[in-house]
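K.L.:
This is query-v2.cif, which holds mmCIF, C-alpha atoms:
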```
data_query
loop_
_atom_site.group_PDB
_atom_site.id
_atom_site.type_symbol
_atom_site.label_atom_id
_atom_site.label_comp_id
_atom_site.auth_asym_id
_atom_site.auth_seq_id
_atom_site.Cartn_x
_atom_site.Cartn_y
_atom_site.Cartn_z
ATOM 1 C CA MET A 1 -30.733 1.697 6.932
ATOM 2 C CA ALA A 2 -29.022 -1.616 6.149
ATOM 3 C CA ILE A 3 -26.431 -1.886 3.385
ATOM 4 C CA SER A 4 -26.953 -4.414 0.613
ATOM 5 C CA ARG A 5 -25.086 -5.282 -2.557
ATOM 6 C CA GLY A 6 -26.876 -4.561 -5.808
ATOM 7 C CA ALA A 7 -27.870 -7.197 -8.331
ATOM 8 C CA THR A 8 -25.156 -6.368 -10.853
ATOM 9 C CA VAL A 9 -21.416 -7.120 -10.530
ATOM 10 C CA SER A 10 -19.301 -6.531 -13.634
ATOM 11 C CA THR A 11 -15.714 -7.502 -14.459
ATOM 12 C CA ALA A 12 -13.268 -6.832 -17.277
ATOM 13 C CA SER A 13 -9.768 -8.142 -17.984
ATOM 14 C CA GLN A 14 -7.128 -8.054 -20.670
ATOM 15 C CA THR A 15 -3.798 -9.722 -21.401
ATOM 16 C CA THR A 16 -0.417 -8.275 -22.343
ATOM 17 C CA GLY A 17 -0.302 -5.967 -25.325
ATOM 18 C CA SER A 18 -4.014 -5.231 -25.674
ATOM 19 C CA SER A 19 -4.238 -1.482 -25.035
ATOM 20 C CA TYR A 20 -3.801 1.216 -22.423
ATOM 21 C CA SER A 21 -7.436 0.943 -21.353
ATOM 22 C CA ASN A 22 -9.821 -1.699 -20.075
ATOM 23 C CA ASP A 23 -13.303 -0.222 -19.794
ATOM 24 C CA ILE A 24 -15.958 -2.052 -17.760
ATOM 25 C CA THR A 25 -19.395 -2.543 -19.275
ATOM 26 C CA HIS A 26 -21.716 -2.156 -16.308
ATOM 27 C CA THR A 27 -25.288 -1.450 -15.235
ATOM 28 C CA VAL A 28 -25.963 0.682 -12.164
ATOM 29 C CA ASP A 29 -29.043 -0.721 -10.447
ATOM 30 C CA THR A 30 -31.933 1.564 -9.490
ATOM 31 C CA ASN A 31 -31.501 3.012 -5.968
ATOM 32 C CA THR A 32 -27.729 2.426 -5.973
ATOM 33 C CA THR A 33 -26.147 4.848 -3.505
ATOM 34 C CA LEU A 34 -22.500 3.861 -4.018
ATOM 35 C CA LEU A 35 -20.624 2.491 -7.024
ATOM 36 C CA ILE A 36 -17.253 0.902 -6.167
ATOM 37 C CA VAL A 37 -14.640 0.113 -8.826
ATOM 38 C CA SER A 38 -11.409 -1.791 -8.142
ATOM 39 C CA VAL A 39 -8.499 -2.153 -10.574
ATOM 40 C CA GLY A 40 -5.603 -4.618 -10.340
ATOM 41 C CA LEU A 41 -2.389 -3.782 -12.223
ATOM 42 C CA GLU A 42 1.049 -5.411 -12.407
ATOM 43 C CA ALA A 43 4.723 -4.636 -12.995
ATOM 44 C CA GLY A 44 4.904 -0.993 -11.984
ATOM 45 C CA GLU A 45 1.795 0.088 -13.889
ATOM 46 C CA THR A 46 -0.188 3.052 -12.611
ATOM 47 C CA MET A 47 -3.573 4.576 -13.362
ATOM 48 C CA THR A 48 -3.247 7.509 -15.764
ATOM 49 C CA SER A 49 -6.685 9.054 -15.236
ATOM 50 C CA VAL A 50 -9.562 8.948 -12.782
ATOM 51 C CA PRO A 51 -12.193 6.372 -13.805
ATOM 52 C CA GLN A 52 -15.427 7.909 -15.035
ATOM 53 C CA TRP A 53 -18.985 6.542 -15.131
ATOM 54 C CA SER A 54 -20.293 7.300 -18.600
ATOM 55 C CA LEU A 55 -23.845 8.305 -17.639
ATOM 56 C CA GLY A 56 -25.035 11.589 -16.135
ATOM 57 C CA GLY A 57 -22.832 13.569 -18.506
ATOM 58 C CA GLY A 58 -19.755 11.647 -17.320
ATOM 59 C CA GLU A 59 -19.310 11.260 -13.555
ATOM 60 C CA ASN A 60 -15.756 11.199 -12.179
ATOM 61 C CA MET A 61 -14.982 8.693 -9.449
ATOM 62 C CA THR A 62 -12.969 9.424 -6.280
ATOM 63 C CA LEU A 63 -9.932 7.419 -5.181
ATOM 64 C CA ILE A 64 -10.585 5.620 -1.889
ATOM 65 C CA ASP A 65 -7.194 3.904 -1.652
ATOM 66 C CA GLU A 66 -4.195 2.765 -3.682
ATOM 67 C CA THR A 67 -1.952 0.104 -2.228
ATOM 68 C CA THR A 68 1.580 1.369 -1.576
ATOM 69 C CA PRO A 69 4.210 -1.047 -2.915
ATOM 70 C CA SER A 70 7.812 -0.589 -1.848
ATOM 71 C CA GLY A 71 9.562 -2.638 -4.534
ATOM 72 C CA ALA A 72 10.860 -1.384 -7.876
ATOM 73 C CA ASN A 73 9.003 -2.593 -11.003
ATOM 74 C CA SER A 74 8.108 -5.922 -9.392
ATOM 75 C CA GLU A 75 4.996 -5.155 -7.395
ATOM 76 C CA VAL A 76 1.283 -5.242 -8.105
ATOM 77 C CA HIS A 77 -1.183 -2.439 -7.406
ATOM 78 C CA THR A 78 -4.784 -2.428 -6.222
ATOM 79 C CA TYR A 79 -6.793 0.760 -6.745
ATOM 80 C CA THR A 80 -10.331 1.252 -5.416
ATOM 81 C CA TYR A 81 -12.585 4.179 -6.380
ATOM 82 C CA GLY A 82 -16.081 5.252 -5.359
ATOM 83 C CA LEU A 83 -18.989 7.317 -6.699
ATOM 84 C CA VAL A 84 -22.027 8.253 -4.598
ATOM 85 C CA ASN A 85 -25.477 8.447 -6.177
ATOM 86 C CA PRO A 86 -24.347 7.303 -9.636
ATOM 87 C CA THR A 87 -26.841 7.758 -12.454
ATOM 88 C CA ALA A 88 -28.710 4.465 -12.879
ATOM 89 C CA GLY A 89 -28.641 2.634 -16.200
ATOM 90 C CA ALA A 90 -26.361 0.751 -18.583
ATOM 91 C CA GLY A 91 -23.012 2.338 -19.391
ATOM 92 C CA THR A 92 -19.247 1.960 -19.020
ATOM 93 C CA VAL A 93 -16.566 2.800 -16.472
ATOM 94 C CA SER A 94 -13.368 4.062 -18.114
ATOM 95 C CA VAL A 95 -10.128 2.445 -16.878
ATOM 96 C CA ASP A 96 -6.872 3.891 -18.283
ATOM 97 C CA PHE A 97 -3.362 2.878 -17.215
ATOM 98 C CA SER A 98 0.271 3.389 -18.105
ATOM 99 C CA LYS A 99 1.269 0.188 -19.942
ATOM 100 C CA THR A 100 -0.184 -2.414 -22.296
ATOM 101 C CA ASP A 101 0.105 -5.105 -19.644
ATOM 102 C CA ASN A 102 -2.387 -7.196 -17.707
ATOM 103 C CA CYS A 103 -5.329 -5.510 -16.036
ATOM 104 C CA CYS A 104 -8.332 -6.726 -14.039
ATOM 105 C CA ALA A 105 -11.181 -4.383 -13.133
ATOM 106 C CA SER A 106 -14.544 -4.763 -11.404
ATOM 107 C CA ALA A 107 -17.617 -2.658 -10.643
ATOM 108 C CA VAL A 108 -20.010 -3.328 -7.736
ATOM 109 C CA ASN A 109 -23.203 -1.486 -6.688
ATOM 110 C CA TYR A 110 -24.260 -0.897 -3.067
ATOM 111 C CA LEU A 111 -27.530 0.365 -1.620
ATOM 112 C CA GLY A 112 -28.218 1.987 1.731
ATOM 113 C CA THR A 113 -24.876 3.755 2.116
ATOM 114 C CA GLU A 114 -24.075 7.284 3.211
ATOM 115 C CA THR A 115 -24.346 9.663 0.236
ATOM 116 C CA ALA A 116 -22.898 13.004 1.387
ATOM 117 C CA SER A 117 -19.585 12.204 -0.316
ATOM 118 C CA VAL A 118 -17.273 9.277 -1.056
ATOM 119 C CA ALA A 119 -15.266 10.259 2.033
ATOM 120 C CA ALA A 120 -18.420 10.013 4.143
ATOM 121 C CA ALA A 121 -19.509 6.738 2.538
ATOM 122 C CA THR A 122 -16.179 4.895 2.766
ATOM 123 C CA SER A 123 -12.967 4.751 4.743
ATOM 124 C CA PHE A 124 -9.681 2.877 4.272
ATOM 125 C CA LEU A 125 -9.072 0.349 7.054
ATOM 126 C CA ASN A 126 -5.812 -1.507 6.286
ATOM 127 C CA GLU A 127 -3.726 -3.121 3.567
ATOM 128 C CA ASP A 128 -1.232 -5.924 2.962
ATOM 129 C CA VAL A 129 1.411 -5.343 0.280
ATOM 130 C CA ASN A 130 3.974 -8.066 -0.466
ATOM 131 C CA ASP A 131 6.880 -7.205 -2.773
ATOM 132 C CA THR A 132 8.464 -10.577 -2.017
ATOM 133 C CA ASN A 133 6.800 -13.839 -2.952
ATOM 134 C CA THR A 134 4.096 -15.200 -0.664
ATOM 135 C CA SER A 135 0.838 -17.105 -1.131
ATOM 136 C CA THR A 136 -1.351 -15.041 1.211
ATOM 137 C CA THR A 137 -2.856 -11.573 1.491
ATOM 138 C CA VAL A 138 -3.875 -10.772 5.079
ATOM 139 C CA LEU A 139 -6.430 -8.004 5.683
ATOM 140 C CA SER A 140 -6.929 -7.272 9.377
ATOM 141 C CA SER A 141 -10.307 -7.059 11.051
ATOM 142 C CA GLY A 142 -11.924 -3.658 10.966
ATOM 143 C CA GLY A 143 -15.081 -1.610 10.660
ATOM 144 C CA SER A 144 -18.009 -0.878 12.937
ATOM 145 C CA ALA A 145 -21.130 -2.965 13.443
ATOM 146 C CA GLY A 146 -23.928 -1.846 11.138
ATOM 147 C CA ASN A 147 -21.521 -1.035 8.312
ATOM 148 C CA TYR A 148 -19.974 -3.208 5.571
ATOM 149 C CA VAL A 149 -16.404 -4.164 4.713
ATOM 150 C CA TYR A 150 -15.129 -4.483 1.146
ATOM 151 C CA ALA A 151 -11.915 -6.333 0.292
ATOM 152 C CA ALA A 152 -9.977 -6.083 -2.982
ATOM 153 C CA ALA A 153 -6.660 -7.848 -3.653
ATOM 154 C CA THR A 154 -4.437 -8.309 -6.706
ATOM 155 C CA PHE A 155 -2.053 -11.201 -7.342
ATOM 156 C CA LYS A 156 0.551 -11.728 -10.061
ATOM 157 C CA GLY A 157 -0.259 -15.229 -11.252
ATOM 158 C CA GLY A 158 -2.963 -17.666 -10.172
ATOM 159 C CA GLU A 159 -6.303 -17.224 -8.482
ATOM 160 C CA GLY A 160 -7.255 -16.888 -4.840
ATOM 161 C CA THR A 161 -9.867 -17.901 -2.305
ATOM 162 C CA PRO A 162 -10.433 -16.629 1.251
ATOM 163 C CA ALA A 163 -9.114 -18.792 4.050
ATOM 164 C CA SER A 164 -11.575 -20.472 6.366
ATOM 165 C CA GLY A 165 -12.893 -18.422 9.272
ATOM 166 C CA THR A 166 -13.941 -15.299 7.412
ATOM 167 C CA ASN A 167 -17.564 -14.304 6.908
ATOM 168 C CA LEU A 168 -16.805 -12.331 3.754
ATOM 169 C CA THR A 169 -18.674 -13.394 0.641
ATOM 170 C CA GLU A 170 -16.733 -13.793 -2.579
ATOM 171 C CA VAL A 171 -18.038 -11.187 -5.029
ATOM 172 C CA ALA A 172 -15.581 -11.771 -7.885
ATOM 173 C CA ASP A 173 -12.497 -13.906 -8.541
ATOM 174 C CA PHE A 174 -10.997 -13.703 -12.015
ATOM 175 C CA GLU A 175 -7.746 -13.329 -13.949
ATOM 176 C CA SER A 176 -6.411 -11.688 -17.064
ATOM 177 C CA GLY A 177 -4.449 -14.501 -18.691
ATOM 178 C CA THR A 178 -2.963 -17.951 -18.206
ATOM 179 C CA GLU A 179 -3.231 -19.222 -14.630
ATOM 180 C CA ASN A 180 0.011 -19.122 -12.611
ATOM 181 C CA SER A 181 1.949 -17.363 -15.358
ATOM 182 C CA PRO A 182 4.198 -14.622 -13.899
ATOM 183 C CA THR A 183 4.194 -12.678 -17.173
ATOM 184 C CA THR A 184 0.711 -13.114 -18.657
ATOM 185 C CA ASP A 185 -1.579 -13.132 -15.656
ATOM 186 C CA THR A 186 -2.959 -10.783 -13.017
ATOM 187 C CA SER A 187 -5.744 -11.908 -10.676
ATOM 188 C CA LEU A 188 -8.255 -9.798 -8.753
ATOM 189 C CA TRP A 189 -10.315 -11.056 -5.791
ATOM 190 C CA ILE A 190 -13.263 -9.073 -4.375
ATOM 191 C CA GLY A 191 -15.201 -9.908 -1.221
ATOM 192 C CA ASP A 192 -17.614 -8.150 1.135
ATOM 193 C CA GLY A 193 -19.678 -8.666 4.271
ATOM 194 C CA ALA A 194 -20.978 -7.181 7.484
ATOM 195 C CA ALA A 195 -18.437 -5.271 9.584
ATOM 196 C CA PRO A 196 -16.330 -5.880 11.526
ATOM 197 C CA ASP A 197 -14.528 -8.700 9.761
ATOM 198 C CA SER A 198 -11.162 -9.761 8.384
ATOM 199 C CA CYS A 199 -9.944 -11.714 5.379
ATOM 200 C CA THR A 200 -6.946 -13.900 4.618
ATOM 201 C CA ILE A 201 -6.794 -14.721 0.910
ATOM 202 C CA THR A 202 -4.937 -17.899 -0.025
ATOM 203 C CA TRP A 203 -3.580 -17.691 -3.562
ATOM 204 C CA SER A 204 -2.907 -20.736 -5.741
ATOM 205 C CA ALA A 205 0.768 -19.851 -6.169
ATOM 206 C CA THR A 206 3.532 -17.984 -4.332
ATOM 207 C CA LYS A 207 4.082 -14.589 -5.932
ATOM 208 C CA ARG A 208 3.686 -10.875 -5.248
ATOM 209 C CA ASN A 209 0.315 -9.525 -4.117
ATOM 210 C CA ALA A 210 -1.377 -6.436 -2.692
ATOM 211 C CA GLY A 211 -4.787 -5.781 -1.212
ATOM 212 C CA HIS A 212 -6.808 -3.511 1.053
ATOM 213 C CA LEU A 213 -9.865 -3.546 3.286
ATOM 214 C CA ILE A 214 -12.352 -0.660 3.076
ATOM 215 C CA GLU A 215 -15.333 0.156 5.257
ATOM 216 C CA ILE A 216 -18.633 1.108 3.633
ATOM 217 C CA VAL A 217 -20.691 3.375 5.895
ATOM 218 C CA ALA A 218 -24.439 2.899 6.285
ATOM 219 C CA ALA A 219 -26.820 5.830 5.860
ATOM 220 C CA LEU A 220 -28.067 7.447 9.039
ATOM 221 C CA SER A 221 -31.660 6.999 10.105
ATOM 222 C CA SER A 222 -34.034 9.429 8.409
ATOM 223 C CA PHE A 223 -34.842 10.827 11.876
ATOM 224 C CA ASN A 224 -31.710 12.167 13.535
ATOM 225 C CA PRO A 225 -32.891 14.626 16.246
ATOM 226 C CA THR A 226 -30.733 17.517 17.390
ATOM 227 C CA PRO A 227 -30.034 18.036 21.122
ATOM 228 C CA THR A 228 -32.614 20.871 21.148
ATOM 229 C CA ILE A 229 -35.324 18.620 19.724
ATOM 230 C CA LEU A 230 -34.485 15.928 22.254
ATOM 231 C CA GLN A 231 -34.649 18.408 25.159
ATOM 232 C CA ASN A 232 -37.987 19.789 23.989
ATOM 233 C CA TYR A 233 -39.325 16.244 23.789
ATOM 234 C CA ARG A 234 -38.171 15.547 27.345
ATOM 235 C CA ASN A 235 -39.766 18.793 28.600
ATOM 236 C CA MET A 236 -43.072 17.798 27.051
ATOM 237 C CA ASN A 237 -43.011 14.434 28.760
#
```
For the file at hand, write its structure as structure tokens.
P.N.:
Amino acid sequence: MAISRGATVSTASQTTGSSYSNDITHTVDTNTTLLIVSVGLEAGETMTSVPQWSLGGGENMTLIDETTPSGANSEVHTYTYGLVNPTAGAGTVSVDFSKTDNCCASAVNYLGTETASVAAATSFLNEDVNDTNTSTTVLSSGGSAGNYVYAAATFKGGEGTPASGTNLTEVADFESGTENSPTTDTSLWIGDGAAPDSCTITWSATKRNAGHLIEIVAALSSFNPTPTILQNYRNMN
């Protein structure tokens, strides 16, 4: 079964001093098999709770990957979470973090993915974390044919676009404050496409950034015969 992106992509952002939360108003499309949420934070912020989809009695999401910065209080973070078979409808995704600083968050629906678990439906491929100033985030090629790749990257100041040569489609590109400001802006770029593929994001300024590439796994065919079934078929023919 082929993977496709749903009709609804939602984003939310806030500037310095707003609150410790930045919930995303979102609609899960009918037949969505995987909901992916990415969060971009700056200046040593961390997530303080697992995001939750408000429908279905409140459905907790599972962390797929958090970028791993090595600097002290100068880095940016990118978190990506997943939820298989989310309850369809209009609701909110809770996003809670440790400071009243800039935050960007997005929610994207996918159809045709594996649904046994988030671990079965997704896998971390690679990341690029820059605690010193640079204008690029490089996400290496990865994933298997028939699956999808999903890229999420956070930048402290300015917006970004993928470099030429990638087949990834831009899903979202937005910021939380004044463009290129090192203190009142965090940007988040989301892209996806058929695996395998890579992505080099060129940001509009030279500052710290962090991103990762994640594989989304397609559902198996509805007919997946066991070795015994295959042997019986051969014996009959």
K.L.:
Pick out the closest residue to A:Thr161 from this set: A:Cys199, A:Ala12, A:Val76, A:Val39. Count all atoms listed in the file.
P.N.:
A:Cys199
K.L.:
I need the residue set behind the PyMOL selection byres ((chain A and resi 204-215) around 6) for this file; please write it as a ChimeraX atom specification.
P.N.:
/A:76,122-135,143,148-156,158-160,203,216
K.L.:
Residue by residue, what does the PyMOL selection byres ((chain A and resi 20-35) around 6) grab here? Present the result as a PyMOL selection string.
P.N.:
chain A and resi 10+12+19+36+82-85+88-97+99-100+108-111+113
K.L.:
May I ask for the distance between atom CA of A:Arg5 and atom CA of A:Gly191, given in Å to one decimal place?
P.N.:
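Computing the Euclidean distance for atom CA of A:Arg5 and atom CA of A:Gly191 yields 11.0 Å.
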K.L.:
Counting only C-alpha atoms, which of A:Glu45, A:Glu175, A:Glu75, A:Glu59 gets nearest to A:Cys104?
P.N.:
A:Glu175
K.L.:
For atom CA of A:Asn102 and atom CA of A:Ser187, quote the distance in Å rounded to one decimal.
P.N.:
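It comes out at 9.1 Å.
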K.L.:
Quick one: pull the distance between atom CA of A:Ala120 and atom CA of A:Thr67, Å, one decimal.
P.N.:
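Between atom CA of A:Ala120 and atom CA of A:Thr67 the gap is 20.2 Å.
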K.L.:
Starting from 8 Å padding per side, set up an axis-aligned box that covers all listed atoms of stretch 191-198 of chain A and hand over centre and edge lengths in Å, one decimal, as AutoDock Vina command-line options.
P.N.:
```
--center_x -16.1 --center_y -7.6 --center_z 5.2 --size_x 25.8 --size_y 20.6 --size_z 28.7
```
K.L.:
Output the residue selection produced by the PyMOL selection byres ((chain A and resi 138) around 6) on the file above, formatted as a ChimeraX atom specification.
P.N.:
/A:128,137,139,200
